[in-house]
Structures are given as C-alpha cells and as structure tokens.
Amino acid sequence: MSRPIIFVFLAISLGLAFRSAWAANPPKQELSELSKRPQWLHLLHYHQAGLFSRYESQVDDPTFFLSMNGKTDAYAELQATVQAFETNPTEQCRFPARFHWLSSALGPKRFPEQRCEKFEQWFKQIDGKGLTMVFPAAYLNSPSSMFGHTLIRIDRKSGHNPLLDFSVNYAANADPNDNELVFTYKGLSGGYPGVFSLLPYYQKVKEYSFLESRDVWEYELSLSQTEVDQFIRHIWEVKDAHFDYYFFTENCSYHLLTLLDAASPRFNFADQFYLTAIPADTVRVIGQADIVSQTRFRASTLTNMNNMLSQLDPDLIISAKQLVLSETSIDKALASLPSGQQAQVLELAYQYSRYLAVRKKQLSSRIRKRSIELLSTRSKLPEQQVFAAVPKPSFRDDEGHRSRRLESRIGNDGDNDYLQIGLRMAYHDFLDTAPGYIRGARLEMFHAQLRHTYAQGGDATRLQAIRLIDIASLSPRNAMLTPISWRVSTGFKRPNSQPNELMAYLSSGAGVSYSHFEQQFYALWEGELNADNDIRKGYRVATGPRLGWLIQRDRWSANLELHQQFELAGAKFKQQSIKLGISRRVSPHWQIRINTGYQQYRQPENNTTRYEYNGSLAAMYYF
C-alpha cells in the first residue's frame, strides 16, 4: 500500500474513532452547555420563589434525582442522567421526558433502545390530544381555596365527554386530623408535602361545582401534539415525587405552570412569580401568552339554583322546597299545577335536594331517596327545557382587577389633614371593581398603610395600620337557602380614641345578608379584642352590631356601614361610627375613591366624648 493511501486510511480511521468516542462520551463543554438550557432546568424544576429561597430544584424528594447533588447542581444531574441512560437503560422508563429531550439534543441513536411497557400502557390510557386549564372560583370557607384553584385537564383523542378525561391536580397532602389553624400554619410554612395526582375530571367537577358550589371556567390551550406528549411524559416523572407546599408561592397554580414550562421551550411561566402566585394571576399569564383558543363556563349547583329562583313565582319556590322537606306524595302535591310549572318545580326541587344532601348529612339518606323520586317524576313530563339557561358571565374570573394594590390618599381625620400611602399584597375588598370576583366577598391580606399627618403641634409620619387578614363573606339568603354571613379581621391599628397607640386587634362576627336588585343589606353581631400595654388593663373587649348596605356594579361600587360597640371589659373606647365609601373605575389598573364618615368616641385623657367628621380622596393602582 502506497504511503499516501496509508495516511488517508489512518486519517479516516482516527476520525471515525474520535467520532465514536465523542458520541459515547460527549465533551464536558457540550454537557455543560446543555445543562444550562432552560428546558433542562425546567425538567428538573429549577426555579426560585420566595424572598429567602435559593435557585435550585423545588422537588424535595431525593428519589427524583440520579445524582447526589442533583437538587442543587443541574450539570451533575445531567451527567448522571446520561450515564444512567447508557449503562442502565431501564432508567429511561423512569424519566421519559428527560429521555425524549436528551435524545433530541444528542441524537436519536445516542442511547440503547429500551421498551417501557408499563409507561407505554399508561401513556396510551391517557390518550392525550390537548390540554385545558380549569379555574374553579374562590371558596372563602377553605383556607387553601380562598383565592381559587387551578388544575389541568388532559383532553383525550378518542373522548367525546370531557367529564371522563383525566385531570392533573397539585395539592397539599394534609393530615385530615389537623384543624383549620394548624392547616393554615403548616400551609404558610411548608409543613405539608405537595403532590401531583391524576384523577378523572368528573371527580373534580363534583367536588368544586357540587360539593363546594363553585363556578368553573375552562381554558382550552393551543398546544402542539409534541408539547402535549412531553407534558404527559413529565407527569409520569413527577407523579410519585413530593414538593414542600406553600400557600402563597409553591401552590396549586404555581406548580401547574412549572409543568407547562417543562413541556415546551417556548414557555417560561413560573419564573414570572417570585413573591406570590395567586390563581387568577397565573391564569392571566396563560392568557397573555396567547395560547388560549377558547373558554367555557360551567355553572355550580348553587348558581343553577339561583338562576331557577330568579324565574319562578314565590308560591312555586315554596312548593319546590316543601317537596324536598316533606314526605307527601309528589303527584298529589303537584296535581293543581299545569304540566310546565310541574316541570319547573320538580327541577328546582331536585337541585335543592342535591344541595341539602351534602350540607345536611344527617338527612342525606332520606334526601337521596327523595331526589330519585323527583327525577323519576320529572322524566315522565313532556316538557324539555323549562328554564332559560344560566347566562355566561360578562367577565371571566381572570378578567378582574390585578391582585396587588397601591394606595395614595389625601384626607382629614377630624383634626388634621394627612397624606397616606398603602400597599396591599392581596386581593379584593367591597369597593374594588367587582367583575371577576365574588359579589359580597372581601379577602385582604398583608395590607399596610403609612400616614403623614399635618398637625399644629408638629407633623408626624407613622405606620397607621397593618391588616394581616381581613375576610368577609356576605352570602345572601333567599326562600330556599339560609347561609351565614361572617367576617374576621386581625392585625394592628390605631383606634380613634387613642391615635398614638398602634395596638393589636382581633375582631369577628356573624349574621345575615339579603339581596335585592343588585343591592345587599347585611346585619352582623361582632366582638372585638384589643391588646396594648398603654391602655387601661392592657386590653379591651367589646361587642356590638354592624349594619350595612352594599351595591357593586361593573364600574362603580358603594358601601354604607353603621358600627356600634359596647364595652364588656378592660379599656373604654365607646366607639360608634357611620361610614360611606364610593369607588369608580377609571381604567383597568386605576380606581378613584371618596370616603366620608361621622364618628363618636371617648377621649381617655379627659374622659369626654368627641364627635367628628372625616373624609378622604384616594387613587388606587392595581398591579
């Protein structure tokens, strides 16, 4: 063989050998660059959420990682993953999403082939063709659902009934023996493991729209089949892993975004939420990404009932209620009514029986039996649709105002003028723009106000109030439903009688509310506890009524409230007040407010009663 031919042969052989060696062991630089790609970091759930959190994987289950340092070192986890896929191909079955991404990045023939029968059977059963984000409305009676909730439905290729599709849900795996206080504390401090679950969608619809009477919005997402498949592969990877659950950051909505991030390189949703992740805000981010193809509204049992009540005469409503609560013959009770009205009464009675079966469990067996009788009788009547359908709301829940708010206020407190600024981290009060939120509900957390007062004795700047929690639920009563209205508030404030003292307080109350032509009238009986070293005996206990009128329209709201307190023990404030607030929306992010009031209280330094008027003008910015 001639010398030139030998040189060519050696060059080709060395090139093939080098290429084979590179394929078997990609250069360190190549793996280092891959480990920095957003898609790899998203597959490992590398994010940062919270003031004191580190940038590392949010998965807190060591079995999720193939490297001892995988939680904090994405490069080490990539090295360990490549090695595992080569030397132990069964690991490909544990991490199909990683395997799919690495095969695309390093070449389809990079790793030995491995059949994953268990995963393939599960993947085939899911049968996914698309994804739909589901947003149940807020539910104030549960700490974990006060701001709403989100889950994702996997729409099947072969399915025609979405109720039979699978849904992906993330929630805290809480101890059922924990009370609400313990549950709240652990939820705030990461005391519960958060886990993903895959359930038939009809189970979640039953839970939200029936058991909790929560309306549901569905957002169909425009994703490619490749993105849907990768989403499902990643569900397989995380379905047995756990995360530390936090109400305000790593919650149900936040981690659904991390799943979407892992499904496609075009998504980076989760990193937009650093301090808080409120469900409505996460849904807005999805909408702003222009991947929502259509929306649907699913009315709850309670909404359906209220829709029927609005279309019936009072006598027919009473008849429907008696059909459920009494044991008289259904045919006999309806004999005097024409067929169409019989159908209306039966449908309302059936909805009412379903509502009671959950809330009055001691009557559930009898009511369930009655429900079957009502349904059977209704099926014998010829009328098909006897009620107008529930109208689709003009505004979706994600189209309301933003959850955080800045306040700028100028006013007079009776003696002095003042300027005030405020910051509220969440979420809604009676005078905020109503669309997208529950009417008659208030949920405020971490609301601080700083005031500068112009006084003859010298100006002063100080913290005026911090409301840690301020929740109110004014659920109106009607002929069939008698919910309890309630409120609870705690934090620090300066009472009118002693404005120099920032004192702790806790107040709560319960009562009734009624609705009439978009107006609500409410009456609560409340108790309040104040604590401070500089007041008489160091505490104060008082009780008294709170009466109010509330109207909430799409662009403006008004609230008139009378509050009286009678002293029971400790310091004597002897407070009573009447307040009026009016708000007007001027843009999606701005609102103006006018507040005025009259108050009477005791001055402890001279034991006299003081009467004063106050007023203010404020601009609110929502972000």
# chains A, B, ... in the order shown; residues from 1 in each chain; ligands from 1
call {"tool": "residues_around", "arguments": {"residues": "region 460-464 of chain A", "least_positions_apart": "2", "cutoff": "10 Å", "atoms": "only C-alpha atoms", "output": "list in words"}}
result
Tyr418, Leu419, Gln420, Ile421, Gly422, Ala448, Gln449, Leu450, Arg451, His452, Thr453, Tyr454, Ala455, Gly457, Gly458, Ile466, Phe492, Lys493, Arg494, Pro495, Pro499, Asn500, Glu501 and Leu502 of chain A
call {"tool": "write_last_selection", "arguments": {"atoms": "N, CA and C atoms", "output": "mmCIF file, in the first residue's frame"}}
result
data_model
loop_
_atom_site.group_PDB
_atom_site.id
_atom_site.type_symbol
_atom_site.label_atom_id
_atom_site.label_comp_id
_atom_site.auth_asym_id
_atom_site.auth_seq_id
_atom_site.Cartn_x
_atom_site.Cartn_y
_atom_site.Cartn_z
ATOM 1 N N TYR A 418 -54.010 64.953 56.243
ATOM 2 C CA TYR A 418 -52.978 63.919 56.160
ATOM 3 C C TYR A 418 -52.810 63.438 54.725
ATOM 4 N N LEU A 419 -51.635 62.883 54.478
ATOM 5 C CA LEU A 419 -51.340 62.136 53.252
ATOM 6 C C LEU A 419 -51.053 60.697 53.648
ATOM 7 N N GLN A 420 -51.515 59.775 52.833
ATOM 8 C CA GLN A 420 -51.342 58.367 53.204
ATOM 9 C C GLN A 420 -51.032 57.533 51.969
ATOM 10 N N ILE A 421 -50.115 56.611 52.125
ATOM 11 C CA ILE A 421 -49.842 55.628 51.074
ATOM 12 C C ILE A 421 -50.056 54.240 51.661
ATOM 13 N N GLY A 422 -50.400 53.298 50.809
ATOM 14 C CA GLY A 422 -50.661 51.948 51.295
ATOM 15 C C GLY A 422 -50.294 50.909 50.259
ATOM 16 N N ALA A 448 -50.791 47.227 54.442
ATOM 17 C CA ALA A 448 -50.120 48.193 55.310
ATOM 18 C C ALA A 448 -50.382 49.611 54.815
ATOM 19 N N GLN A 449 -50.558 50.565 55.770
ATOM 20 C CA GLN A 449 -50.803 51.969 55.446
ATOM 21 C C GLN A 449 -49.852 52.851 56.249
ATOM 22 N N LEU A 450 -49.185 53.773 55.558
ATOM 23 C CA LEU A 450 -48.254 54.718 56.170
ATOM 24 C C LEU A 450 -48.836 56.122 56.004
ATOM 25 N N ARG A 451 -48.963 56.866 57.130
ATOM 26 C CA ARG A 451 -49.638 58.166 57.097
ATOM 27 C C ARG A 451 -48.720 59.280 57.591
ATOM 28 N N HIS A 452 -48.751 60.411 56.860
ATOM 29 C CA HIS A 452 -48.074 61.636 57.293
ATOM 30 C C HIS A 452 -49.156 62.654 57.660
ATOM 31 N N THR A 453 -49.181 63.070 58.933
ATOM 32 C CA THR A 453 -50.206 63.970 59.452
ATOM 33 C C THR A 453 -49.638 65.376 59.623
ATOM 34 N N TYR A 454 -50.412 66.357 59.143
ATOM 35 C CA TYR A 454 -50.042 67.767 59.316
ATOM 36 C C TYR A 454 -50.800 68.300 60.535
ATOM 37 N N ALA A 455 -50.092 68.477 61.652
ATOM 38 C CA ALA A 455 -50.738 68.879 62.900
ATOM 39 C C ALA A 455 -50.118 70.166 63.440
ATOM 40 N N GLY A 457 -49.268 70.806 66.445
ATOM 41 C CA GLY A 457 -48.190 70.511 67.380
ATOM 42 C C GLY A 457 -46.960 69.915 66.724
ATOM 43 N N GLY A 458 -46.999 69.756 65.421
ATOM 44 C CA GLY A 458 -45.866 69.160 64.701
ATOM 45 C C GLY A 458 -46.309 68.017 63.814
ATOM 46 N N ILE A 466 -51.823 47.879 59.930
ATOM 47 C CA ILE A 466 -51.440 46.682 59.193
ATOM 48 C C ILE A 466 -52.550 45.669 59.381
ATOM 49 N N PHE A 492 -52.955 45.190 63.257
ATOM 50 C CA PHE A 492 -52.617 46.293 64.153
ATOM 51 C C PHE A 492 -53.250 47.569 63.593
ATOM 52 N N LYS A 493 -53.816 48.386 64.485
ATOM 53 C CA LYS A 493 -54.446 49.629 64.047
ATOM 54 C C LYS A 493 -54.392 50.662 65.167
ATOM 55 N N ARG A 494 -54.667 51.911 64.786
ATOM 56 C CA ARG A 494 -54.729 52.999 65.751
ATOM 57 C C ARG A 494 -56.200 53.372 65.962
ATOM 58 N N PRO A 495 -56.764 53.088 67.137
ATOM 59 C CA PRO A 495 -58.169 53.440 67.366
ATOM 60 C C PRO A 495 -58.357 54.954 67.450
ATOM 61 N N PRO A 499 -55.144 57.602 69.128
ATOM 62 C CA PRO A 499 -54.451 57.529 67.839
ATOM 63 C C PRO A 499 -52.940 57.386 67.943
ATOM 64 N N ASN A 500 -52.376 57.582 69.127
ATOM 65 C CA ASN A 500 -50.925 57.441 69.273
ATOM 66 C C ASN A 500 -50.498 56.006 69.565
ATOM 67 N N GLU A 501 -51.451 55.104 69.720
ATOM 68 C CA GLU A 501 -51.137 53.725 70.060
ATOM 69 C C GLU A 501 -51.465 52.797 68.882
ATOM 70 N N LEU A 502 -50.448 52.102 68.411
ATOM 71 C CA LEU A 502 -50.653 51.070 67.395
ATOM 72 C C LEU A 502 -50.843 49.753 68.139
#
call {"tool": "residues_around", "arguments": {"residues": "region 292-301 of chain A", "least_positions_apart": "3", "cutoff": "6 Å", "atoms": "only C-alpha atoms", "output": "short mmCIF file (atom, residue, chain, number, x, y, z; two decimals) with N, CA and C atoms, in the first residue's frame"}}
result
data_model
loop_
_atom_site.label_atom_id
_atom_site.label_comp_id
_atom_site.auth_asym_id
_atom_site.auth_seq_id
_atom_site.Cartn_x
_atom_site.Cartn_y
_atom_site.Cartn_z
N SER A 209 -68.07 22.05 41.76
CA SER A 209 -69.35 22.66 41.38
C SER A 209 -70.50 22.15 42.23
N PHE A 210 -70.37 20.94 42.81
CA PHE A 210 -71.46 20.39 43.58
C PHE A 210 -71.19 20.51 45.08
N SER A 213 -70.02 24.24 45.62
CA SER A 213 -70.82 25.25 44.92
C SER A 213 -69.94 26.33 44.31
N ARG A 214 -68.94 25.91 43.54
CA ARG A 214 -68.02 26.85 42.91
C ARG A 214 -68.17 26.78 41.40
N ASP A 215 -68.39 27.95 40.79
CA ASP A 215 -68.41 28.01 39.33
C ASP A 215 -67.02 27.68 38.79
N VAL A 216 -66.98 27.17 37.56
CA VAL A 216 -65.72 26.73 36.98
C VAL A 216 -65.56 27.34 35.59
N TRP A 217 -64.37 27.88 35.32
CA TRP A 217 -64.01 28.34 33.98
C TRP A 217 -63.01 27.37 33.39
N GLU A 218 -63.17 27.07 32.10
CA GLU A 218 -62.26 26.17 31.39
C GLU A 218 -61.60 26.93 30.24
N TYR A 219 -60.27 26.80 30.14
CA TYR A 219 -59.49 27.50 29.13
C TYR A 219 -58.77 26.45 28.26
N GLU A 220 -59.26 26.28 27.05
CA GLU A 220 -58.61 25.32 26.15
C GLU A 220 -57.33 25.92 25.60
N LEU A 221 -56.22 25.20 25.76
CA LEU A 221 -54.90 25.71 25.38
C LEU A 221 -54.53 25.24 23.99
N SER A 222 -53.89 26.13 23.25
CA SER A 222 -53.45 25.82 21.89
C SER A 222 -52.01 25.32 21.94
N GLY A 287 -53.21 33.60 29.53
CA GLY A 287 -53.93 34.35 28.50
C GLY A 287 -53.05 35.32 27.75
N ASN A 304 -76.95 27.35 39.45
CA ASN A 304 -78.12 26.83 38.75
C ASN A 304 -79.40 27.06 39.56
#
call {"tool": "closest_residue", "arguments": {"among": "A:Val324, A:Ile535, A:Ala74, A:Ile551", "to": "Ser515 (chain A)", "atoms": "only C-alpha atoms"}}
result
A:Ile551
call {"tool": "closest_residue", "arguments": {"among": "A:Pro476, A:Gly107, A:Gly511, A:Gly411", "to": "Leu302 (chain A)", "atoms": "only C-alpha atoms"}}
result
A:Pro476
call {"tool": "atom_distance", "arguments": {"atom1": "CA of Phe273 (chain A)", "atom2": "CA of Tyr185 (chain A)"}}
result
21.8 Å
call {"tool": "select_by_dssp", "arguments": {"residues": "region 433-534 of chain A", "states": "strand (DSSP E)", "output": "VMD selection string"}}
result
chain A and resid 441 to 454 460 to 473 485 to 493 503 to 516 519 to 531
call {"tool": "write_last_selection", "arguments": {"atoms": "C-alpha atoms", "output": "compact mmCIF listing (two decimals), in the first residue's frame"}}
result
# COMPACT_ATOMS: atom_id res chain seq x y z
CA ALA A 441 -66.90 39.00 49.47
CA ARG A 442 -63.77 40.61 50.87
CA LEU A 443 -60.37 38.95 51.18
CA GLU A 444 -57.43 41.16 52.13
CA MET A 445 -54.02 40.02 53.36
CA PHE A 446 -50.89 41.96 54.31
CA HIS A 447 -52.37 45.43 53.89
CA ALA A 448 -50.12 48.19 55.31
CA GLN A 449 -50.80 51.97 55.45
CA LEU A 450 -48.25 54.72 56.17
CA ARG A 451 -49.64 58.17 57.10
CA HIS A 452 -48.07 61.64 57.29
CA THR A 453 -50.21 63.97 59.45
CA TYR A 454 -50.04 67.77 59.32
CA ALA A 460 -45.74 63.17 62.17
CA THR A 461 -45.15 60.19 59.88
CA ARG A 462 -46.05 56.77 61.20
CA LEU A 463 -47.48 53.39 60.42
CA GLN A 464 -51.25 53.80 60.52
CA ALA A 465 -52.41 50.19 60.24
CA ILE A 466 -51.44 46.68 59.19
CA ARG A 467 -54.27 44.31 58.38
CA LEU A 468 -52.82 40.83 58.28
CA ILE A 469 -56.13 39.16 57.46
CA ASP A 470 -59.48 40.78 56.69
CA ILE A 471 -62.11 38.39 55.34
CA ALA A 472 -65.85 38.85 54.93
CA SER A 473 -68.46 36.71 53.22
CA SER A 485 -72.68 35.79 56.64
CA TRP A 486 -69.45 36.29 58.56
CA ARG A 487 -66.25 38.30 58.86
CA VAL A 488 -62.90 38.05 60.66
CA SER A 489 -60.06 40.57 60.81
CA THR A 490 -56.77 40.78 62.68
CA GLY A 491 -53.68 42.96 62.65
CA PHE A 492 -52.62 46.29 64.15
CA LYS A 493 -54.45 49.63 64.05
CA MET A 503 -52.38 48.12 69.06
CA ALA A 504 -53.13 44.55 68.14
CA TYR A 505 -56.73 43.65 67.44
CA LEU A 506 -58.88 40.66 66.58
CA SER A 507 -62.50 41.05 65.53
CA SER A 508 -65.04 38.62 64.16
CA GLY A 509 -68.76 38.35 63.74
CA ALA A 510 -71.64 36.55 62.08
CA GLY A 511 -75.10 37.44 60.86
CA VAL A 512 -77.35 37.56 57.82
CA SER A 513 -77.40 39.20 54.41
CA TYR A 514 -80.20 39.73 51.88
CA SER A 515 -80.04 40.77 48.24
CA HIS A 516 -82.48 42.95 46.31
CA GLN A 519 -78.07 45.57 46.43
CA GLN A 520 -77.10 43.76 49.60
CA PHE A 521 -78.29 44.56 53.11
CA TYR A 522 -76.45 42.90 55.96
CA ALA A 523 -76.50 42.75 59.74
CA LEU A 524 -73.69 41.19 61.76
CA TRP A 525 -73.10 40.93 65.50
CA GLU A 526 -69.41 41.23 66.23
CA GLY A 527 -66.90 41.00 69.03
CA GLU A 528 -63.51 42.72 69.21
CA LEU A 529 -60.40 42.23 71.35
CA ASN A 530 -57.68 44.91 71.60
CA ALA A 531 -54.35 44.44 73.34
call {"tool": "closest_residue", "arguments": {"among": "A:Val390, A:Pro545, A:Leu550, A:Ile367", "to": "Phe430 (chain A)", "atoms": "only C-alpha atoms"}}
result
A:Leu550
call {"tool": "select_by_dssp", "arguments": {"residues": "region 40-209 of chain A", "states": "helix (DSSP H, G or I)", "output": "VMD selection string"}}
result
chain A and resid 40 to 43 62 to 64 74 to 87 91 to 94 96 to 106 117 to 126 143 to 145 162 to 164 180 to 189 201 to 209
call {"tool": "atom_distance", "arguments": {"atom1": "CA of Gly414 (chain A)", "atom2": "CA of Ala619 (chain A)"}}
result
20.7 Å
call {"tool": "residues_around", "arguments": {"residues": "Thr150 (chain A)", "least_positions_apart": "3", "cutoff": "6 Å", "atoms": "only C-alpha atoms", "output": "PyMOL selection string"}}
result
chain A and resi 134-135+253
call {"tool": "residues_around", "arguments": {"residues": "His255 (chain A)", "least_positions_apart": "2", "cutoff": "12 Å", "atoms": "only C-alpha atoms", "output": "PyMOL selection string"}}
result
chain A and resi 42+45-47+49+58-59+149-152+168-172+194-196+235+238+242-253+257-262+269-271+273+277-279+282
call {"tool": "atom_distance", "arguments": {"atom1": "CA of Gly597 (chain A)", "atom2": "CA of Gly581 (chain A)"}}
result
8.6 Å
call {"tool": "closest_residue", "arguments": {"among": "A:Asp417, A:Asp554, A:Glu605, A:Glu91", "to": "Arg584 (chain A)", "atoms": "only C-alpha atoms"}}
result
A:Asp554
call {"tool": "decode", "arguments": {"residues": "region 331-357 of chain A", "atoms": "N, CA and C atoms", "output": "compact mmCIF listing (two decimals), in the first residue's frame"}}
result
# COMPACT_ATOMS: atom_id res chain seq x y z
N ASP A 331 -96.98 13.43 43.34
CA ASP A 331 -98.10 13.60 42.39
C ASP A 331 -99.23 14.40 43.02
N LYS A 332 -99.52 14.12 44.28
CA LYS A 332 -100.60 14.83 44.97
C LYS A 332 -100.25 16.30 45.16
N ALA A 333 -99.00 16.57 45.51
CA ALA A 333 -98.58 17.95 45.77
C ALA A 333 -98.60 18.80 44.51
N LEU A 334 -98.43 18.19 43.34
CA LEU A 334 -98.36 18.94 42.08
C LEU A 334 -99.64 18.86 41.27
N ALA A 335 -100.63 18.21 41.77
CA ALA A 335 -101.84 17.92 40.98
C ALA A 335 -102.52 19.18 40.45
N SER A 336 -102.46 20.29 41.20
CA SER A 336 -103.18 21.50 40.79
C SER A 336 -102.39 22.36 39.80
N LEU A 337 -101.17 21.99 39.50
CA LEU A 337 -100.32 22.81 38.63
C LEU A 337 -100.34 22.30 37.20
N PRO A 338 -100.26 23.21 36.21
CA PRO A 338 -100.12 22.76 34.82
C PRO A 338 -98.78 22.05 34.63
N SER A 339 -98.68 21.33 33.55
CA SER A 339 -97.52 20.47 33.32
C SER A 339 -96.20 21.25 33.31
N GLY A 340 -96.20 22.43 32.67
CA GLY A 340 -94.97 23.21 32.59
C GLY A 340 -94.48 23.65 33.96
N GLN A 341 -95.38 24.10 34.81
CA GLN A 341 -94.99 24.52 36.15
C GLN A 341 -94.58 23.32 37.01
N GLN A 342 -95.22 22.18 36.78
CA GLN A 342 -94.78 20.96 37.48
C GLN A 342 -93.31 20.66 37.17
N ALA A 343 -92.96 20.78 35.90
CA ALA A 343 -91.58 20.51 35.49
C ALA A 343 -90.62 21.49 36.16
N GLN A 344 -91.01 22.77 36.24
CA GLN A 344 -90.15 23.75 36.88
C GLN A 344 -89.96 23.45 38.36
N VAL A 345 -91.06 23.15 39.05
CA VAL A 345 -90.97 22.85 40.48
C VAL A 345 -90.13 21.61 40.72
N LEU A 346 -90.27 20.60 39.90
CA LEU A 346 -89.52 19.36 40.07
C LEU A 346 -88.02 19.58 39.84
N GLU A 347 -87.67 20.38 38.84
CA GLU A 347 -86.25 20.62 38.57
C GLU A 347 -85.61 21.42 39.69
N LEU A 348 -86.31 22.44 40.19
CA LEU A 348 -85.78 23.21 41.31
C LEU A 348 -85.68 22.33 42.55
N ALA A 349 -86.68 21.53 42.81
CA ALA A 349 -86.67 20.65 43.98
C ALA A 349 -85.52 19.66 43.90
N TYR A 350 -85.24 19.15 42.70
CA TYR A 350 -84.14 18.20 42.55
C TYR A 350 -82.79 18.86 42.85
N GLN A 351 -82.58 20.07 42.31
CA GLN A 351 -81.34 20.79 42.60
C GLN A 351 -81.20 21.07 44.09
N TYR A 352 -82.32 21.43 44.72
CA TYR A 352 -82.29 21.71 46.15
C TYR A 352 -81.97 20.46 46.96
N SER A 353 -82.49 19.33 46.54
CA SER A 353 -82.22 18.07 47.25
C SER A 353 -80.74 17.70 47.15
N ARG A 354 -80.13 17.94 46.01
CA ARG A 354 -78.69 17.67 45.85
C ARG A 354 -77.87 18.59 46.76
N TYR A 355 -78.30 19.84 46.84
CA TYR A 355 -77.61 20.81 47.69
C TYR A 355 -77.67 20.38 49.16
N LEU A 356 -78.86 19.95 49.62
CA LEU A 356 -79.03 19.56 51.02
C LEU A 356 -78.33 18.25 51.34
N ALA A 357 -78.25 17.36 50.38
CA ALA A 357 -77.66 16.05 50.63
C ALA A 357 -76.21 16.17 51.09
